[in-house]
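Trainee: This is the structure I have questions about; it appears just below.
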Amino acid sequence: MTQEPPIFIGDALTGSGYRLAGARVLSPSLAQLPAVFQEACRESRLVLITAELAKHLPRGAQAQTQRTLNCSVLVVDSMASEAAAPDLGAAVQRQLGMVS
């Protein structure tokens, strides 16, 4: 039984790293995105999509796809993203009252 590779949907720069890890990389235009997303979910059990593109999917498309198809969707950061990832350790410490 062969395992289908994960599919990454996002920018080419971030995709180059996922390609090295064995993922198939797709960089659709915004007009193509809904169809490409649906097709990727039909072809692979794991689809990774950048947050920048995920926000352009039709409302509820991700949840409906996960319910309808046997596909897990993971929203990931992009190398081209200007927003820094949150410091989760600091957030947990604040929540626990460990930081004043």
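If you're wondering about the labels, chains in the structure tokens are A, B, ... by order shown, residues count from 1 in each chain, ligands from 1 in order shown.
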Tell me which protein, DNA and RNA residues are within 10 Å of stretch 27-36 of chain A, counting only C-alpha atoms, leaving out same-chain ones fewer than 6 positions away, and put them as a PyMOL selection string.

Mentor: chain A and resi 8-12+15+42+49+53-54+56-58+61-62

Trainee: Enumerate as an MDAnalysis selection string all residues of stretch 5-84 of chain A assigned to strand (DSSP E) by DSSP on the backbone, naming them with the chain letters and numbers the document uses.

Mentor: chainID A and resid 7:9 24:26 46:50 72:76

Trainee: Keeping only C-alpha atoms, write the selected residues to a file as an mmCIF file, in the first residue's frame.

Mentor:
data_model
loop_
_atom_site.group_PDB
_atom_site.id
_atom_site.type_symbol
_atom_site.label_atom_id
_atom_site.label_comp_id
_atom_site.auth_asym_id
_atom_site.auth_seq_id
_atom_site.Cartn_x
_atom_site.Cartn_y
_atom_site.Cartn_z
ATOM 1 C CA ILE A 7 -0.082 18.503 -0.398
ATOM 2 C CA PHE A 8 1.077 22.027 0.467
ATOM 3 C CA ILE A 9 -0.919 24.978 -0.884
ATOM 4 C CA ARG A 24 3.532 18.076 -3.421
ATOM 5 C CA VAL A 25 3.440 21.889 -3.741
ATOM 6 C CA LEU A 26 0.661 23.920 -5.350
ATOM 7 C CA LEU A 46 -3.148 15.671 4.585
ATOM 8 C CA VAL A 47 -3.354 19.169 3.107
ATOM 9 C CA LEU A 48 -1.251 22.033 4.459
ATOM 10 C CA ILE A 49 -2.318 25.556 3.496
ATOM 11 C CA THR A 50 -0.810 28.896 4.453
ATOM 12 C CA SER A 72 -6.943 16.598 7.560
ATOM 13 C CA VAL A 73 -6.239 20.270 6.873
ATOM 14 C CA LEU A 74 -3.459 22.085 8.693
ATOM 15 C CA VAL A 75 -3.111 25.875 8.446
ATOM 16 C CA VAL A 76 0.572 26.847 8.581
#

Trainee: So how many Å separate atom CA of A:Gln66 and atom CA of A:Glu43, to one decimal?

Mentor: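 Those two atoms sit 13.0 Å apart.
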
Trainee: Taking only C-alpha atoms into account, name the residue in A:Ala90, A:Ala80, A:Gln64, A:Ser16 that is nearest to A:Phe37.

Mentor: A:Gln64

Trainee: Using only C-alpha atoms, which protein or nucleic acid residues come within 6 Å of A:Ala23? Drop anything in the same chain fewer than 2 positions from it, and give the result as an mmCIF file with N, CA and C atoms, in the first residue's frame.

Mentor:
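Full text of out_11.cif as output:
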data_model
loop_
_atom_site.group_PDB
_atom_site.id
_atom_site.type_symbol
_atom_site.label_atom_id
_atom_site.label_comp_id
_atom_site.auth_asym_id
_atom_site.auth_seq_id
_atom_site.Cartn_x
_atom_site.Cartn_y
_atom_site.Cartn_z
ATOM 1 N N PRO A 5 1.539 11.455 -0.868
ATOM 2 C CA PRO A 5 2.265 12.519 -0.152
ATOM 3 C C PRO A 5 1.312 13.624 0.274
ATOM 4 N N PRO A 6 1.671 14.342 1.342
ATOM 5 C CA PRO A 6 0.867 15.504 1.719
ATOM 6 C C PRO A 6 0.932 16.554 0.615
ATOM 7 N N ILE A 7 -0.048 17.423 0.588
ATOM 8 C CA ILE A 7 -0.082 18.503 -0.398
ATOM 9 C C ILE A 7 -0.003 19.825 0.347
ATOM 10 N N TYR A 18 8.675 22.556 2.039
ATOM 11 C CA TYR A 18 7.765 21.411 2.087
ATOM 12 C C TYR A 18 8.086 20.406 0.981
ATOM 13 N N ARG A 19 8.510 20.909 -0.181
ATOM 14 C CA ARG A 19 8.892 20.019 -1.277
ATOM 15 C C ARG A 19 10.084 19.146 -0.863
ATOM 16 N N ALA A 21 10.700 18.145 2.009
ATOM 17 C CA ALA A 21 10.194 17.171 2.979
ATOM 18 C C ALA A 21 9.283 16.131 2.328
#
